[in-house]
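Here is entry-v4.cif, consisting of mmCIF, C-alpha atoms:
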```
data_protein
#
loop_
_atom_site.label_atom_id
_atom_site.label_comp_id
_atom_site.auth_asym_id
_atom_site.auth_seq_id
_atom_site.Cartn_x
_atom_site.Cartn_y
_atom_site.Cartn_z
CA MET A 1 16.10 26.54 -16.75
CA THR A 2 19.08 27.47 -18.87
CA GLU A 3 18.66 30.00 -21.62
CA ASP A 4 19.87 29.23 -25.10
CA GLY A 5 19.03 30.40 -28.57
CA LYS A 6 18.73 33.86 -30.06
CA PRO A 7 16.29 36.09 -28.14
CA LEU A 8 13.37 37.10 -30.35
CA GLY A 9 11.00 38.91 -28.02
CA SER A 10 9.41 39.18 -24.60
CA VAL A 11 6.05 40.05 -23.11
CA ASP A 12 4.78 40.73 -19.58
CA PHE A 13 1.23 40.53 -18.34
CA THR A 14 -0.86 39.86 -15.26
CA ALA A 15 -2.88 36.66 -15.15
CA GLU A 16 -5.45 35.24 -12.81
CA VAL A 17 -5.89 31.58 -12.01
CA ASP A 18 -9.53 31.68 -13.00
CA PRO A 19 -11.46 29.06 -10.98
CA ALA A 20 -13.91 28.43 -13.82
CA ARG A 21 -11.06 27.87 -16.23
CA VAL A 22 -9.35 25.57 -13.75
CA GLU A 23 -12.54 23.51 -13.60
CA ALA A 24 -12.86 23.37 -17.40
CA LEU A 25 -9.23 22.46 -18.05
CA ALA A 26 -9.14 19.89 -15.27
CA ALA A 27 -12.39 18.27 -16.35
CA SER A 28 -11.22 17.98 -19.96
CA ALA A 29 -8.07 16.15 -18.83
CA GLY A 30 -9.72 13.90 -16.24
CA LEU A 31 -8.16 15.79 -13.34
CA ALA A 32 -9.61 17.10 -10.10
CA ALA A 33 -9.61 20.90 -9.97
CA ASP A 34 -8.28 21.02 -6.41
CA PRO A 35 -5.35 21.44 -6.12
CA VAL A 36 -4.87 23.62 -9.18
CA PRO A 37 -3.29 21.32 -11.80
CA MET A 38 0.43 21.74 -12.42
CA THR A 39 -0.42 21.95 -16.10
CA TYR A 40 -2.80 24.93 -15.68
CA PRO A 41 -0.27 27.52 -16.99
CA ALA A 42 -0.78 26.02 -20.44
CA CYS A 43 -3.57 28.54 -20.85
CA TRP A 44 -1.13 31.41 -20.26
CA LEU A 45 0.77 30.27 -23.35
CA PHE A 46 -2.32 31.27 -25.32
CA ALA A 47 -2.87 34.60 -23.57
CA PRO A 48 -3.22 37.32 -26.23
CA PRO A 49 0.21 38.92 -25.59
CA VAL A 50 1.99 35.57 -25.94
CA ARG A 51 -0.08 34.35 -28.84
CA GLY A 52 0.44 37.61 -30.70
CA LEU A 53 4.22 37.43 -30.27
CA VAL A 54 4.49 33.74 -31.15
CA GLU A 55 2.22 34.01 -34.20
CA ARG A 56 4.22 36.97 -35.48
CA LEU A 57 7.47 35.04 -35.06
CA ILE A 58 6.14 31.87 -36.66
CA GLY A 59 4.86 33.75 -39.66
CA GLU A 60 1.66 33.61 -41.65
CA GLY A 61 0.74 30.26 -43.14
CA ARG A 62 3.14 28.28 -40.97
CA LEU A 63 1.97 26.01 -38.18
CA PRO A 64 3.45 25.23 -34.75
CA ILE A 65 3.72 21.79 -33.20
CA HIS A 66 4.56 21.37 -29.55
CA VAL A 67 7.43 18.89 -29.12
CA SER A 68 8.14 19.24 -25.42
CA GLN A 69 6.79 20.93 -22.32
CA ARG A 70 8.05 21.37 -18.79
CA TYR A 71 6.64 23.00 -15.64
CA ARG A 72 8.82 23.54 -12.55
CA TYR A 73 7.26 24.83 -9.35
CA ASP A 74 8.59 26.69 -6.31
CA ARG A 75 5.12 26.84 -4.77
CA PRO A 76 1.67 25.83 -5.98
CA LEU A 77 -0.76 28.07 -7.80
CA THR A 78 -3.83 29.26 -5.91
CA ALA A 79 -7.27 29.39 -7.49
CA GLY A 80 -8.26 33.04 -7.72
CA GLY A 81 -4.65 34.17 -7.31
CA HIS A 82 -3.08 36.84 -9.51
CA TYR A 83 0.40 36.44 -10.96
CA HIS A 84 2.86 38.50 -12.93
CA VAL A 85 3.89 36.49 -15.96
CA HIS A 86 7.02 37.12 -18.03
CA VAL A 87 7.62 35.30 -21.31
CA ASP A 88 10.80 35.14 -23.37
CA VAL A 89 10.81 33.63 -26.85
CA ARG A 90 14.03 32.35 -28.38
CA GLU A 91 14.97 30.88 -31.73
CA THR A 92 15.95 27.23 -31.37
CA ARG A 93 16.19 24.07 -33.43
CA PRO A 94 14.29 21.39 -31.50
CA GLN A 95 14.76 17.99 -33.08
CA ASN A 96 17.09 19.77 -35.54
CA ARG A 97 14.19 21.65 -37.12
CA PRO A 98 13.30 25.37 -37.10
CA GLY A 99 11.53 26.24 -33.91
CA LEU A 100 10.99 28.38 -30.87
CA SER A 101 11.56 28.04 -27.16
CA VAL A 102 8.91 29.81 -25.10
CA ASP A 103 10.09 30.37 -21.53
CA MET A 104 7.55 31.58 -18.97
CA THR A 105 8.04 32.61 -15.36
CA ALA A 106 5.26 33.58 -12.95
CA VAL A 107 5.65 35.35 -9.62
CA ASP A 108 2.97 36.01 -7.04
CA ALA A 109 1.77 39.35 -5.70
CA ASP A 110 4.63 39.30 -3.16
CA GLY A 111 7.21 38.78 -5.89
CA ARG A 112 7.89 35.17 -4.92
CA ALA A 113 8.76 32.75 -7.72
CA VAL A 114 5.91 30.33 -8.36
CA VAL A 115 6.39 28.48 -11.63
CA GLU A 116 8.71 28.29 -14.63
CA ALA A 117 7.62 26.68 -17.85
CA ARG A 118 9.41 25.89 -21.08
CA SER A 119 7.68 25.01 -24.32
CA SER A 120 9.58 23.78 -27.37
CA ILE A 121 7.80 24.32 -30.65
CA VAL A 122 8.69 23.14 -34.13
CA ILE A 123 7.55 25.38 -36.96
CA HIS A 124 6.08 23.60 -39.96
CA ASP A 125 5.76 25.16 -43.35
CA PRO A 126 2.89 23.27 -45.02
CA GLY A 127 3.93 21.63 -48.22
CA LYS A 128 7.64 21.75 -47.49
CA ARG A 129 8.02 18.69 -45.29
CA ALA A 130 6.08 16.09 -43.36
CA ALA A 131 5.33 16.62 -39.68
CA GLY A 132 7.32 14.89 -36.96
CA PRO A 133 5.54 14.06 -33.72
CA MET B 1 5.41 2.62 -3.08
CA THR B 2 8.37 2.99 -0.72
CA GLY B 3 10.87 0.25 -1.34
CA THR B 4 9.93 -0.32 -4.96
CA GLU B 5 11.43 1.29 -8.03
CA GLY B 6 8.55 0.79 -10.40
CA PHE B 7 4.90 1.77 -10.34
CA PRO B 8 1.86 0.06 -11.80
CA ALA B 9 1.32 1.03 -15.41
CA ILE B 10 -1.78 3.15 -15.85
CA ALA B 11 -4.02 2.95 -18.91
CA ILE B 12 -4.96 6.43 -20.06
CA ALA B 13 -8.44 6.60 -21.54
CA PRO B 14 -8.13 7.24 -25.27
CA PRO B 15 -8.56 10.96 -25.86
CA THR B 16 -11.60 11.90 -27.88
CA SER B 17 -12.20 14.68 -30.39
CA ASP B 18 -14.76 16.15 -27.99
CA GLN B 19 -12.17 16.13 -25.23
CA VAL B 20 -9.69 17.92 -27.50
CA ALA B 21 -12.36 20.50 -28.35
CA ARG B 22 -13.13 21.11 -24.67
CA TYR B 23 -9.43 21.36 -23.78
CA THR B 24 -8.49 23.71 -26.59
CA ALA B 25 -11.51 25.91 -25.84
CA ALA B 26 -10.62 26.12 -22.16
CA ALA B 27 -6.92 26.70 -22.82
CA GLY B 28 -7.46 29.17 -25.65
CA ASP B 29 -5.45 27.03 -28.07
CA THR B 30 -6.53 28.01 -31.59
CA ASN B 31 -3.92 25.98 -33.50
CA PRO B 32 -6.03 24.50 -36.32
CA ILE B 33 -4.01 21.28 -36.58
CA HIS B 34 -5.81 19.97 -33.49
CA THR B 35 -9.33 20.40 -34.86
CA ASP B 36 -9.11 20.80 -38.64
CA MET B 37 -8.31 17.74 -40.75
CA ALA B 38 -7.16 19.92 -43.65
CA ALA B 39 -4.64 21.74 -41.45
CA ALA B 40 -3.34 18.43 -40.09
CA ALA B 41 -3.10 17.02 -43.60
CA ALA B 42 -1.21 20.12 -44.73
CA ILE B 43 1.68 19.16 -42.48
CA GLY B 44 1.55 15.50 -43.41
CA LEU B 45 -0.51 14.04 -40.58
CA PRO B 46 -3.28 11.51 -41.22
CA ASP B 47 -5.54 12.92 -38.48
CA THR B 48 -5.74 15.84 -36.07
CA PRO B 49 -3.11 15.32 -33.34
CA VAL B 50 -4.08 15.57 -29.69
CA PRO B 51 -2.35 18.64 -28.20
CA GLY B 52 0.80 17.75 -26.32
CA LEU B 53 -0.35 20.04 -23.54
CA LEU B 54 -3.48 17.90 -23.11
CA ILE B 55 -1.42 14.71 -23.11
CA LEU B 56 0.74 16.21 -20.37
CA ALA B 57 -2.38 17.18 -18.40
CA MET B 58 -3.72 13.62 -18.77
CA THR B 59 -0.34 12.36 -17.57
CA GLU B 60 -0.71 14.58 -14.52
CA ALA B 61 -3.83 12.60 -13.67
CA ALA B 62 -1.73 9.42 -13.70
CA VAL B 63 0.86 11.14 -11.51
CA ARG B 64 -1.82 11.92 -8.94
CA THR B 65 -2.66 8.21 -8.87
CA TRP B 66 0.97 7.21 -8.37
CA PHE B 67 1.62 9.90 -5.78
CA PRO B 68 -1.63 10.72 -4.00
CA GLY B 69 -1.27 13.62 -1.61
CA GLU B 70 2.39 14.16 -2.44
CA ALA B 71 3.83 17.29 -3.98
CA ALA B 72 5.08 17.04 -7.55
CA THR B 73 7.27 20.06 -8.21
CA ASP B 74 8.51 19.42 -11.73
CA ILE B 75 6.93 17.62 -14.66
CA SER B 76 8.01 17.39 -18.27
CA LEU B 77 7.33 15.42 -21.42
CA THR B 78 9.01 15.29 -24.81
CA PHE B 79 6.73 13.99 -27.53
CA SER B 80 8.21 11.53 -29.97
CA ALA B 81 5.18 10.31 -31.93
CA PRO B 82 1.81 11.92 -32.62
CA VAL B 83 -1.20 10.86 -30.58
CA PHE B 84 -4.54 10.89 -32.35
CA PRO B 85 -8.07 10.77 -30.95
CA GLY B 86 -8.91 7.20 -30.03
CA ASP B 87 -5.29 6.16 -29.43
CA ALA B 88 -4.85 4.07 -26.31
CA LEU B 89 -1.88 5.13 -24.21
CA THR B 90 -0.27 3.57 -21.18
CA ALA B 91 1.71 5.58 -18.63
CA HIS B 92 4.76 3.98 -17.03
CA ALA B 93 6.91 5.32 -14.21
CA ARG B 94 10.01 4.25 -12.37
CA ILE B 95 12.14 5.94 -9.76
CA ALA B 96 15.48 7.08 -11.17
CA ALA B 97 16.83 8.63 -7.99
CA ARG B 98 15.75 9.29 -4.44
CA SER B 99 17.30 11.18 -1.56
CA GLN B 100 16.48 12.35 1.94
CA THR B 101 16.69 16.11 2.38
CA ALA B 102 15.57 18.58 5.02
CA ARG B 103 12.31 18.87 3.09
CA GLY B 104 11.60 15.14 3.12
CA GLU B 105 12.11 12.34 0.62
CA GLU B 106 12.75 13.66 -2.87
CA MET B 107 12.34 11.43 -5.89
CA THR B 108 13.17 11.81 -9.56
CA VAL B 109 10.83 9.65 -11.60
CA ARG B 110 11.16 8.75 -15.27
CA ILE B 111 7.88 8.73 -17.17
CA ARG B 112 7.14 6.96 -20.44
CA LEU B 113 3.93 6.96 -22.46
CA THR B 114 3.46 4.11 -24.91
CA HIS B 115 0.98 3.40 -27.67
CA GLY B 116 -0.91 0.11 -27.70
CA ASP B 117 1.65 -1.38 -30.09
CA GLY B 118 4.50 -0.45 -27.78
CA ARG B 119 5.72 2.60 -29.69
CA ILE B 120 6.87 5.39 -27.38
CA ALA B 121 4.62 8.43 -27.58
CA ALA B 122 6.49 10.54 -25.04
CA ILE B 123 9.15 10.39 -22.39
CA GLY B 124 9.63 12.69 -19.48
CA ALA B 125 10.46 13.23 -15.86
CA LEU B 126 8.84 14.12 -12.61
CA HIS B 127 10.20 15.42 -9.34
CA VAL B 128 8.22 14.52 -6.24
CA LEU B 129 8.59 15.65 -2.64
CA ARG B 130 7.24 13.35 0.04
CA ALA B 131 7.09 15.44 3.21
CA PRO B 132 8.08 13.80 6.50
CA THR B 133 5.21 12.25 8.40
CA ALA B 134 4.52 13.64 11.84
#
```
Taking this structure as input, can you express it in the form of structure tokens?
Amino acid sequence: MTEDGKPLGSVDFTAEVDPARVEALAASAGLAADPVPMTYPACWLFAPPVRGLVERLIGEGRLPIHVSQRYRYDRPLTAGGHYHVHVDVRETRPQNRPGLSVDMTAVDADGRAVVEARSSIVIHDPGKRAAGP
Amino acid sequence: MTGTEGFPAIAIAPPTSDQVARYTAAAGDTNPIHTDMAAAAAIGLPDTPVPGLLILAMTEAAVRTWFPGEAATDISLTFSAPVFPGDALTAHARIAARSQTARGEEMTVRIRLTHGDGRIAAIGALHVLRAPTA
């Protein structure tokens, strides 16, 4: 995925594909848990290091709305597997509004690329304008 | 589906508030707009929007119906209109490109989610690899 926008911060952490969490996420979306859903890394977007960075960048009292999401895989995730996750956050203007691009890459224990994800988020300041999507 | 460019439209069961609660709890999504009417109203929405990440996960279920046993390697959606609990959505797919490679048959598929009144809720793309049969 191409990189654009002003870099605002990065975090690194190790994450497990928790089988219980796979079951819970899959069941809530009407998916089978095996294979691990492509959309499982959504939960890594809310891992404390990422959430802390994104919340700090968004600012108190403002609210994020997801406007697009992509996952691109080199190989599937494995339930119980551990991955090194790197996240870059950039300043962007999705749909010509203030926002963030959250780019995530995960590699396996052997350093092989597994998945890239990009989230585009619009930042809403309550009271200033109506929400889009 | 070989030989056709379109796929049967799939009705996605209307998401429920309980489903949103279970998804956000499992994902760790604490954004109040998805569960708190006041937060949704503060940004001008008439109801709590279903998380886009959940809509994409529900779309993945449709993908597994269209391509059972085949490897999807890339999936994306851009959301153009809010989806609220109880909204009926339909998933549509058509092949935009296909090619034979050393890995098998690779397909780029355009995805569209529509509301019951025909409004587009999201558009996106999917890349699928159909491995050669033995």
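Using only C-alpha atoms, one finds that the residues of chain A close to chain B, at 6 Å or less, are Ala24, Leu25, Ser28, Ala29, Leu31, Thr39, Cys43, Phe46, Val67, Ser68, Gln69, Arg70, Tyr71, Arg72, Tyr73, Pro126, Ala130, Ala131 and Pro133 of chain A.
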Fill in: For stretch 95-108 of chain A: contacts at 8 Å, all atoms listed in the file, fewer than 4 positions along chain excluded, given as a PyMOL selection string
chain A and resi 5+81-91+112-124
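Computed from the coordinates, the atom CA of A:Pro19 to atom CA of A:Ala79 distance equals 5.5 Å.
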Item to complete: To verify the selection step, state as a ChimeraX atom specification which residues the PyMOL selection byres ((chain B and resi 87) around 8) yields on this input.
Response: /B:14-15,83-86,88-89,115-116
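The environment of B:Ala93 within 9 Å, counting only C-alpha atoms and disregarding residues fewer than 3 places along the same chain, consists of Glu5, Gly6, Phe7, Pro8, Ala9, Val63, Trp66, Val109, Arg110, Ile111, Arg112, Leu113 and Ala125 of chain B.
With all atoms listed in the file as the atoms that count, the residue of A:Val22, A:Ala42, A:Ala109, A:Ile65 with the shortest distance to B:Val50 is A:Ile65.
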Would you give the centre and edge lengths, in Å to one decimal, of a box along x, y and z around the listed atoms of stretch 34-48 of chain B, with 3 Å added to each side, as lines of an AutoDock Vina configuration file?
```
center_x = -3.8
center_y = 16.6
center_z = -39.1
size_x = 17.0
size_y = 16.2
size_z = 17.2
```
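Minimum atom-to-atom distance to A:Asp34, evaluated using only C-alpha atoms, belongs to A:Ala20 out of A:Ala15, A:Ala47, A:Leu57, A:Ala20.
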Discussion item. Between atom CA of A:Asp18 and atom CA of A:Pro48, what distance in Å does the model show, to one decimal?
Written reply: 15.7 Å
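Atom CA of B:Glu70 to atom CA of B:Ala102 spans 15.8 Å [interatomic distance, one decimal].
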